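Asks: Quick one: the structure is below, and I'll ask about it shortly.
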Amino acid sequence: MTNFSTQENARKLIQQARAENSKKLSLVSAALDEIPDEVFDLEQLEELNLFNNNIREVPDRIRDLVHLKRLSLIRNPIRKVPDIPGLGLDWSTYVRRNDFSPQHVEEIWIEINENGNVESPNGLIRWRDLRHLPNLRWLYIGKIAITQNQRSPAPSRHLRDLINDIAVLGNLDTLVFFGVHLDVIPYGIRALKRLHTLEVVAAGVREIPDWIDELSELQKLDVSMNLLIDIPGSLANLNRLKVLDLSENSFARIPEAVFGLSQLEQLDLQVGWTTTDGDIKQIPAEILELPNLTRLEVGGQPIEVPPLEVVDKGIEAIRNYWRQQQEVGIDYLCEAKLIILGEAGAGKTTLAKKIKDPNYKLEPQESSTEGIDVVRWSFPAAVRVREEDGEENVRSSEFKASIWDFGGQEIYHATHQFFLTRRSLYVLVADDRKEDTDFNYWLQVVELLSDQSPLLIVQNEKQDRQRNLDLGTLRAHFPNLLRDAFRTNLATNRGLDGLTTAVRQELERLPHIGTPLPKTWSQVRTALESDPRNYISLDEYLAVCEANGFKRREDKLQLSGYLHDLGICLHFQDDPVLKNTVILKPKWGTDAVYAVLDDHKILDNRGRFGRRDLAYIWSDPAYADMHDELLHLMMRFKLCYPIPETDAYIAPQLLSPTRPAYEWSAQGGLVVRYQYDFMPKGILTRFIVALHHLIPDQDLVWKSGVILARDGTRAEVIEDYSRRKITARVSGPDTRGLLAIVDDQLERIHASFPRLKYDRFLPCNCEVCRTHEESFAYPLSELRDFAACGDMIQCRTSRKLVDASNLIRDVLPYVAQSLVSAERQITLARTEVPAAEPKEVFVSYAWTKESTEVVDKLQEALACNDITLLRDKDEVRYKDSIVSFMQRIGRGKAIVVILSKKYLESKNCMFELTEVAERGDVRDRVFPIILGDADIYDGISRVGYVRYWEQKKAELDAAIKGVSGENLEGIRDELDLYAHIRSTIAAITDILGDMNALSLNEHQSLNFSALIQKLQERVEA
């Protein structure tokens, strides 16, 4: 039997291929026992990839696909297949069957076992067995999977003979060695002049031969997971190379030859899977010599230049960084955060003030910090810098430190993630008199959130009471812990001088200190720091940049993003409300946020509040006219959510800790457990905020749990912090659908903690466990290993063997789709260079005479520039799914939107626009043409559209009242759509209205040339 959930997913892929008229269909690892009948209706299909399924027979109907050029049946137990061109087969299948026409076999997969022997009926293979395949273009030799720190097996004698004679296979265009210990790249490859792709992965290779440039057709070279420390200069002569994978090797710098590859589009240098530590500290200015590079992976490398905050933004940000340096000169970064943590009352605030002013007098009853205090501190420093010629020198400079003093009360712990940053120095203050410091918790928090930033422990020996710490054990678990603990008495200043000296030294040693920056960045930073205001408008910020030498808007926004990442200011560029404000004093914003969380009325109200409460709490003149922005800031920090159909909000961390009474049916349900090595606080409250729209009743949410509902299916998600776990139970007709939503949201939250260690536990699906309410659960990491290798796994309850792949597909089918190898994904089904994307642009418009005429003219203009305009009348054929095409528009790289009043009041048009908005990057992907009647530049008019959709929702809501739920299939989806449009239309039209869109007359007078230029840049990016 084909697994039901996977079969459904395969059908969706087939439907998508039909809707998009795709010529390729990939049903990889889909647990198929047979080819679905719907496949044979895809007359346009040219490639069908069925890699890693359980298909035994291919019916003669495959001949109905008259355009089919490639059929991959690799890793299937094939017994019967018509003899047709373009076959991809396992070597074992080819040997077992001798009725294939040699000219029809184009791909061969030779799998080896742990001993380096070939997995075939006789275990032998010779080059002459392959040489008589005249059209053999693709050859894979290796293991199905490798695991971390596992040595690849050496090939058997027969396989080595084949490798040594590889030169006779002169028609190959793709050759892959994966997990075969070769020591060197085989010399015979030198003769394979037609190779487009060469992958020699996890092969123990120490060098790339000088003759590599003789493979002049090479477009992709993957030598990842080897022992390389450099590459030959001749590699720079591969002027067709587009993809170069050097990941998991031991380079001390980016090899110089890389910068000669002018056609290179993708470069991978990341480490951390087989190679623990990287050594590359700089992405040099020579990166500008790679104009076509669109993807650069350096994860795990200790990059210092450019700053990580720039590197994280991608290749364009890196290019802008170096370009600005070349244009305006350089200055050196001499600034860092000093972050002080600890329990409430430990002495954090006193230490912050004493570091800046040793003569500060303690208050007899000094109040605890509420939220965050920020203290500015500067001191003279000697900073090691790298000059433009590459030499290192020591420069005298004024060091600027921001001392962040965090409130120690538990209510503030959940928000630490937003402010505890990497590349900072941390100080943990312990009150030796109370002995209440949870060292393990604080050290785990710093390790998790700061990317191993250095940390000092300060023992505040109040009344000279001492406490001995086992620093050796702590340091063994937390290598970022520096020196011995500093014993001090902040009341008498005993030990303060030595502590302050150590803090200064460690700040100066932070790896980013001395990093070169464009000089204009420092000038703007100084101007903003001297501004006494708490916030300024975006226009005012842009003017400051202009006054200090900036010319390009994108450069100004790059700087605000960099300062935001450092915590110097706050600028949420992608938020429709906050984007127009630059918060110069983050403390101003955090004070306002924490004032709400600390308010006694809201505490008594279990976190529920309204705008009237906010008006009272934020009555200070400092917050005048900024209530909307501050409320958005709270929602941005996932600290509150709106209650639907009301003007009220809820802060979930203030909810009642008591679990409410409710009925739960576990019949036919699924249970997934998330188990953490260390569990940071705030995961569940962020989860509740993110999925608040699925809460059916506000009585079914509490501080540590929530009930969600969707289309008759319910999910119970409960956090057990003391046991470091979250459990999700789902019951109802669509358990997998709702579980997918729950799991996806938790995974998004997990991804925001880069060093978080956890595992998902999936319930066993054996016959015994299916009848038990509490079934045995497997860790997903273990299931992945078994599934990737095709092994069964044993249930510890029934002792039955269970198919690991099917189990994953049963519970999390979308996770199963990503399973290719046990730990590291490789392109097993067909390793090839990505084809150049066609220049295609979607258009979204209402079917009015004016809009249709605009689209017709635009289509003609784009055709003259080799750009295809994809529109509904050309793409949606008889009986095709209209919704599928609209969703396809939402995924588009570039979408022209013809905005009119009719458009903004059209259900289908607004569905398309919300699909686009949900996938983000609206400003980059949408190119508006705004017709005169759209009127989106006026706030009153935009409110009118919101009212329109509120009325549409109310009318439909009233119409369905009194109709039984089983008769409303599809109508409730329409009601949800109306609500979604109503809640997003204001933000979307605000973004579109902020774009400098030309009028229709201007577009037509220019024959759309300005629009076409921008579309060209987008589709070629």
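Scheme for the structure tokens: letters A, B, ... for chains in order shown; per-chain residue numbers from 1; ligand numbers from 1 in order shown.
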Neighbouring residues of Phe40 of chain A were defined as those with any atom within 12 Å, considering only C-alpha atoms; residues of the same chain fewer than 6 positions away were excluded. Please report them as a count of residues only.

Replies: 16

Asks: Would you list, as a PyMOL selection string, the residues of segment 221-356 of chain A that end up in strand (DSSP E) under DSSP run on this structure's backbone?

Replies: chain A and resi 221-222+243-245+266-268+295-297+330-332+335-341

Asks: Run DSSP on the backbone and grab whatever in segment 695-774 of chain A lands in alpha helix (DSSP H); send it over as a list in words.

Replies: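 After running DSSP on the backbone, segment 695-774 of chain A has alpha helix (DSSP H) at Thr735, Arg736, Gly737, Leu738, Leu739, Ala740, Ile741, Val742, Asp743, Asp744, Gln745, Leu746, Glu747, Arg748, Ile749, His750, Ala751, Glu767, Val768, Cys769 and Arg770 of chain A.
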
Asks: Keeping only C-alpha atoms, write the selected residues to a file as a PDB file, in the first residue's frame.

Replies:
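The resulting part03.pdb:
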```pdb
ATOM      1  CA  THR A 735      -4.314  15.745  12.091  1.00  0.00           C
ATOM      2  CA  ARG A 736      -1.353  15.965   9.746  1.00  0.00           C
ATOM      3  CA  GLY A 737      -2.439  19.317   8.343  1.00  0.00           C
ATOM      4  CA  LEU A 738      -2.748  20.988  11.742  1.00  0.00           C
ATOM      5  CA  LEU A 739       0.359  19.241  13.082  1.00  0.00           C
ATOM      6  CA  ALA A 740       2.272  20.610  10.102  1.00  0.00           C
ATOM      7  CA  ILE A 741       1.251  24.156  11.118  1.00  0.00           C
ATOM      8  CA  VAL A 742       2.246  23.550  14.747  1.00  0.00           C
ATOM      9  CA  ASP A 743       5.564  21.974  13.832  1.00  0.00           C
ATOM     10  CA  ASP A 744       6.406  24.623  11.246  1.00  0.00           C
ATOM     11  CA  GLN A 745       5.862  27.436  13.754  1.00  0.00           C
ATOM     12  CA  LEU A 746       7.924  25.740  16.452  1.00  0.00           C
ATOM     13  CA  GLU A 747      10.698  25.137  13.938  1.00  0.00           C
ATOM     14  CA  ARG A 748      10.678  28.820  12.999  1.00  0.00           C
ATOM     15  CA  ILE A 749      11.112  29.719  16.667  1.00  0.00           C
ATOM     16  CA  HIS A 750      13.824  27.084  17.097  1.00  0.00           C
ATOM     17  CA  ALA A 751      15.692  28.517  14.109  1.00  0.00           C
ATOM     18  CA  GLU A 767       0.282  -2.562  15.292  1.00  0.00           C
ATOM     19  CA  VAL A 768       0.755  -2.637  19.064  1.00  0.00           C
ATOM     20  CA  CYS A 769       1.462   1.072  19.555  1.00  0.00           C
ATOM     21  CA  ARG A 770      -1.508   2.086  17.412  1.00  0.00           C
TER      22      ARG A 770
END
```

Asks: Which residue, A:Gln444, A:Thr515, A:Ser396, A:Gln698, has the smallest gap to Pro680 of chain A when you use only C-alpha atoms?

Replies: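 Of all the options, A:Gln444 lies closest to Pro680 of chain A.
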
Asks: Excluding Gln452 of chain A and its own-chain neighbours fewer than 2 positions away, which residues fall within 6 Å of it when counting only C-alpha atoms? Please give them as a ChimeraX atom specification.

Replies: /A:447,450,480

Asks: Can you list, as a PDB file with N, CA, C and O atoms, in the first residue's frame, every protein, DNA or RNA residue that comes within 12 Å of Cys640 of chain A when you count only C-alpha atoms, leaving out same-chain residues fewer than 2 positions away?

Replies:
```pdb
ATOM      1  N   VAL A 593       7.680  49.144  26.676  1.00  0.00           N
ATOM      2  CA  VAL A 593       7.181  47.766  26.610  1.00  0.00           C
ATOM      3  C   VAL A 593       7.064  47.166  28.009  1.00  0.00           C
ATOM      4  O   VAL A 593       6.036  46.586  28.382  1.00  0.00           O
ATOM      5  N   TYR A 594       8.119  47.322  28.802  1.00  0.00           N
ATOM      6  CA  TYR A 594       8.110  46.717  30.135  1.00  0.00           C
ATOM      7  C   TYR A 594       7.124  47.426  31.065  1.00  0.00           C
ATOM      8  O   TYR A 594       6.624  46.822  32.022  1.00  0.00           O
ATOM      9  N   VAL A 596       4.168  48.163  30.322  1.00  0.00           N
ATOM     10  CA  VAL A 596       2.907  47.437  30.139  1.00  0.00           C
ATOM     11  C   VAL A 596       2.947  46.115  30.903  1.00  0.00           C
ATOM     12  O   VAL A 596       2.000  45.753  31.612  1.00  0.00           O
ATOM     13  N   LEU A 597       4.050  45.394  30.784  1.00  0.00           N
ATOM     14  CA  LEU A 597       4.148  44.086  31.434  1.00  0.00           C
ATOM     15  C   LEU A 597       4.193  44.208  32.953  1.00  0.00           C
ATOM     16  O   LEU A 597       3.855  43.253  33.662  1.00  0.00           O
ATOM     17  N   GLY A 607      -3.036  39.718  31.866  1.00  0.00           N
ATOM     18  CA  GLY A 607      -2.402  40.053  30.595  1.00  0.00           C
ATOM     19  C   GLY A 607      -3.300  40.698  29.581  1.00  0.00           C
ATOM     20  O   GLY A 607      -2.844  41.046  28.481  1.00  0.00           O
ATOM     21  N   ARG A 608      -4.563  40.912  29.913  1.00  0.00           N
ATOM     22  CA  ARG A 608      -5.489  41.508  28.947  1.00  0.00           C
ATOM     23  C   ARG A 608      -5.483  43.029  29.096  1.00  0.00           C
ATOM     24  O   ARG A 608      -5.543  43.547  30.209  1.00  0.00           O
ATOM     25  N   PHE A 609      -5.407  43.734  27.958  1.00  0.00           N
ATOM     26  CA  PHE A 609      -5.409  45.193  28.003  1.00  0.00           C
ATOM     27  C   PHE A 609      -5.975  45.755  26.712  1.00  0.00           C
ATOM     28  O   PHE A 609      -6.114  45.044  25.701  1.00  0.00           O
ATOM     29  N   GLY A 610      -6.320  47.029  26.767  1.00  0.00           N
ATOM     30  CA  GLY A 610      -6.852  47.711  25.587  1.00  0.00           C
ATOM     31  C   GLY A 610      -6.128  49.020  25.351  1.00  0.00           C
ATOM     32  O   GLY A 610      -5.214  49.400  26.108  1.00  0.00           O
ATOM     33  N   LEU A 630       4.617  51.838  19.329  1.00  0.00           N
ATOM     34  CA  LEU A 630       5.016  51.068  20.512  1.00  0.00           C
ATOM     35  C   LEU A 630       4.225  49.771  20.617  1.00  0.00           C
ATOM     36  O   LEU A 630       4.770  48.726  21.013  1.00  0.00           O
ATOM     37  N   LEU A 631       2.954  49.817  20.262  1.00  0.00           N
ATOM     38  CA  LEU A 631       2.150  48.587  20.261  1.00  0.00           C
ATOM     39  C   LEU A 631       2.685  47.614  19.222  1.00  0.00           C
ATOM     40  O   LEU A 631       2.788  46.399  19.471  1.00  0.00           O
ATOM     41  N   HIS A 632       3.066  48.140  18.055  1.00  0.00           N
ATOM     42  CA  HIS A 632       3.674  47.270  17.035  1.00  0.00           C
ATOM     43  C   HIS A 632       5.000  46.703  17.526  1.00  0.00           C
ATOM     44  O   HIS A 632       5.355  45.567  17.192  1.00  0.00           O
ATOM     45  N   LEU A 633       5.733  47.484  18.294  1.00  0.00           N
ATOM     46  CA  LEU A 633       6.991  46.995  18.849  1.00  0.00           C
ATOM     47  C   LEU A 633       6.726  45.808  19.772  1.00  0.00           C
ATOM     48  O   LEU A 633       7.464  44.805  19.741  1.00  0.00           O
ATOM     49  N   MET A 634       5.707  45.881  20.583  1.00  0.00           N
ATOM     50  CA  MET A 634       5.352  44.759  21.461  1.00  0.00           C
ATOM     51  C   MET A 634       4.987  43.521  20.635  1.00  0.00           C
ATOM     52  O   MET A 634       5.407  42.401  20.963  1.00  0.00           O
ATOM     53  N   MET A 635       4.222  43.740  19.571  1.00  0.00           N
ATOM     54  CA  MET A 635       3.847  42.594  18.744  1.00  0.00           C
ATOM     55  C   MET A 635       5.049  42.052  17.973  1.00  0.00           C
ATOM     56  O   MET A 635       5.164  40.850  17.739  1.00  0.00           O
ATOM     57  N   ARG A 636       5.961  42.954  17.607  1.00  0.00           N
ATOM     58  CA  ARG A 636       7.174  42.529  16.916  1.00  0.00           C
ATOM     59  C   ARG A 636       8.022  41.637  17.817  1.00  0.00           C
ATOM     60  O   ARG A 636       8.633  40.665  17.367  1.00  0.00           O
ATOM     61  N   PHE A 637       8.057  41.961  19.096  1.00  0.00           N
ATOM     62  CA  PHE A 637       8.792  41.162  20.066  1.00  0.00           C
ATOM     63  C   PHE A 637       7.997  39.940  20.534  1.00  0.00           C
ATOM     64  O   PHE A 637       8.425  39.236  21.443  1.00  0.00           O
ATOM     65  N   LYS A 638       6.841  39.703  19.891  1.00  0.00           N
ATOM     66  CA  LYS A 638       5.977  38.555  20.226  1.00  0.00           C
ATOM     67  C   LYS A 638       5.562  38.582  21.693  1.00  0.00           C
ATOM     68  O   LYS A 638       5.498  37.551  22.364  1.00  0.00           O
ATOM     69  N   PRO A 642      -3.512  40.539  19.258  1.00  0.00           N
ATOM     70  CA  PRO A 642      -4.879  41.087  19.318  1.00  0.00           C
ATOM     71  C   PRO A 642      -5.911  39.974  19.446  1.00  0.00           C
ATOM     72  O   PRO A 642      -5.760  38.910  18.837  1.00  0.00           O
ATOM     73  N   ILE A 643      -6.950  40.215  20.221  1.00  0.00           N
ATOM     74  CA  ILE A 643      -8.062  39.267  20.311  1.00  0.00           C
ATOM     75  C   ILE A 643      -9.013  39.572  19.160  1.00  0.00           C
ATOM     76  O   ILE A 643      -9.485  40.706  19.023  1.00  0.00           O
ATOM     77  N   ALA A 648      -9.137  44.529  22.126  1.00  0.00           N
ATOM     78  CA  ALA A 648      -8.283  44.126  23.256  1.00  0.00           C
ATOM     79  C   ALA A 648      -7.083  43.317  22.769  1.00  0.00           C
ATOM     80  O   ALA A 648      -7.059  42.789  21.649  1.00  0.00           O
ATOM     81  N   TYR A 649      -6.079  43.235  23.643  1.00  0.00           N
ATOM     82  CA  TYR A 649      -4.849  42.485  23.386  1.00  0.00           C
ATOM     83  C   TYR A 649      -4.539  41.621  24.594  1.00  0.00           C
ATOM     84  O   TYR A 649      -5.006  41.890  25.711  1.00  0.00           O
ATOM     85  N   ILE A 650      -3.711  40.601  24.381  1.00  0.00           N
ATOM     86  CA  ILE A 650      -3.286  39.728  25.479  1.00  0.00           C
ATOM     87  C   ILE A 650      -1.776  39.561  25.435  1.00  0.00           C
ATOM     88  O   ILE A 650      -1.194  39.305  24.369  1.00  0.00           O
ATOM     89  N   ALA A 651      -1.133  39.714  26.605  1.00  0.00           N
ATOM     90  CA  ALA A 651       0.288  39.393  26.780  1.00  0.00           C
ATOM     91  C   ALA A 651       0.353  37.990  27.384  1.00  0.00           C
ATOM     92  O   ALA A 651       0.064  37.812  28.574  1.00  0.00           O
ATOM     93  N   PRO A 652       0.674  36.953  26.612  1.00  0.00           N
ATOM     94  CA  PRO A 652       0.521  35.578  27.088  1.00  0.00           C
ATOM     95  C   PRO A 652       1.401  35.207  28.278  1.00  0.00           C
ATOM     96  O   PRO A 652       1.049  34.304  29.031  1.00  0.00           O
ATOM     97  N   GLN A 653       2.535  35.898  28.481  1.00  0.00           N
ATOM     98  CA  GLN A 653       3.354  35.525  29.638  1.00  0.00           C
ATOM     99  C   GLN A 653       2.713  35.950  30.951  1.00  0.00           C
ATOM    100  O   GLN A 653       3.172  35.548  32.023  1.00  0.00           O
ATOM    101  N   LEU A 654       1.645  36.759  30.882  1.00  0.00           N
ATOM    102  CA  LEU A 654       0.925  37.168  32.085  1.00  0.00           C
ATOM    103  C   LEU A 654      -0.358  36.361  32.288  1.00  0.00           C
ATOM    104  O   LEU A 654      -1.125  36.643  33.217  1.00  0.00           O
ATOM    105  N   LEU A 655      -0.594  35.371  31.438  1.00  0.00           N
ATOM    106  CA  LEU A 655      -1.792  34.561  31.560  1.00  0.00           C
ATOM    107  C   LEU A 655      -1.780  33.736  32.845  1.00  0.00           C
ATOM    108  O   LEU A 655      -0.736  33.544  33.478  1.00  0.00           O
ATOM    109  N   THR A 685       5.225  31.170  24.662  1.00  0.00           N
ATOM    110  CA  THR A 685       4.507  32.442  24.534  1.00  0.00           C
ATOM    111  C   THR A 685       4.664  33.009  23.126  1.00  0.00           C
ATOM    112  O   THR A 685       3.708  33.562  22.560  1.00  0.00           O
ATOM    113  N   ARG A 686       5.826  32.877  22.524  1.00  0.00           N
ATOM    114  CA  ARG A 686       6.005  33.315  21.138  1.00  0.00           C
ATOM    115  C   ARG A 686       5.152  32.466  20.193  1.00  0.00           C
ATOM    116  O   ARG A 686       4.586  32.976  19.217  1.00  0.00           O
ATOM    117  N   PHE A 687       5.059  31.188  20.484  1.00  0.00           N
ATOM    118  CA  PHE A 687       4.233  30.286  19.684  1.00  0.00           C
ATOM    119  C   PHE A 687       2.766  30.710  19.749  1.00  0.00           C
ATOM    120  O   PHE A 687       2.063  30.760  18.730  1.00  0.00           O
ATOM    121  N   ILE A 688       2.295  31.034  20.957  1.00  0.00           N
ATOM    122  CA  ILE A 688       0.906  31.452  21.131  1.00  0.00           C
ATOM    123  C   ILE A 688       0.621  32.722  20.342  1.00  0.00           C
ATOM    124  O   ILE A 688      -0.403  32.849  19.665  1.00  0.00           O
ATOM    125  N   VAL A 689       1.537  33.676  20.407  1.00  0.00           N
ATOM    126  CA  VAL A 689       1.350  34.925  19.666  1.00  0.00           C
ATOM    127  C   VAL A 689       1.282  34.651  18.161  1.00  0.00           C
ATOM    128  O   VAL A 689       0.436  35.190  17.447  1.00  0.00           O
ATOM    129  N   ALA A 690       2.173  33.792  17.680  1.00  0.00           N
ATOM    130  CA  ALA A 690       2.248  33.539  16.237  1.00  0.00           C
ATOM    131  C   ALA A 690       0.987  32.867  15.702  1.00  0.00           C
ATOM    132  O   ALA A 690       0.559  33.138  14.576  1.00  0.00           O
ATOM    133  N   LEU A 691       0.383  31.972  16.507  1.00  0.00           N
ATOM    134  CA  LEU A 691      -0.780  31.216  16.031  1.00  0.00           C
ATOM    135  C   LEU A 691      -2.063  31.610  16.757  1.00  0.00           C
ATOM    136  O   LEU A 691      -3.004  30.822  16.835  1.00  0.00           O
ATOM    137  N   HIS A 692      -2.103  32.842  17.245  1.00  0.00           N
ATOM    138  CA  HIS A 692      -3.285  33.252  18.014  1.00  0.00           C
ATOM    139  C   HIS A 692      -4.567  33.203  17.191  1.00  0.00           C
ATOM    140  O   HIS A 692      -5.660  33.048  17.740  1.00  0.00           O
TER     141      HIS A 692
END
```

Asks: Within 9 Å of Thr421 of chain A, counting only C-alpha atoms, which residues qualify if same-chain residues fewer than 6 places away don't, as an NGL selection string?

Replies: :A and (337 or 339 or 446 or 449-451 or 453 or 565-567)

Asks: Given the choices A:Leu264, A:Val1019, A:Ala595, A:Val394, which gets closest to Leu288 of chain A if the distance is worked out from only C-alpha atoms?

Replies: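 Looking at the shortest contact to Leu288 of chain A, the residue is A:Leu264.
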
Asks: Between atom CA of Leu428 of chain A and atom CA of Pro380 of chain A, what is the distance in Å, rounded to a tenth?

Replies: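 We find that atom CA of Leu428 of chain A and atom CA of Pro380 of chain A lie 24.5 Å from each other.
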
Asks: Using Å and a single decimal, report how far atom CA of Ala527 of chain A sits from atom CA of Tyr623 of chain A.

Replies: 22.7 Å

Asks: Just the residues within 12 Å of Ser851 of chain A, please, counting only C-alpha atoms, with nothing from its chain fewer than 5 positions along; format it as a PyMOL selection string.

Replies: chain A and resi 843-846+856-858+896-903+929-934+1000

Asks: Extract, using only C-alpha atoms, all DNA, RNA and protein residues at most 10 Å from Leu238 of chain A, discarding same-chain residues fewer than 5 positions from it, and format them as a list in words.

Replies: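 Neighbouring residues, sequence-local ones excluded: Ile212, Asp213, Glu214, Leu215, Ser216, Glu217, Leu218, Gln219, Lys220, Gly260, Leu261, Ser262, Gln263 and Leu264 of chain A.
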
Asks: Expressed in Å to a single decimal, how great is the separation between atom CA of Gly732 of chain A and atom CA of Val706 of chain A?

Replies: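 We find that atom CA of Gly732 of chain A and atom CA of Val706 of chain A lie 16.4 Å from each other.
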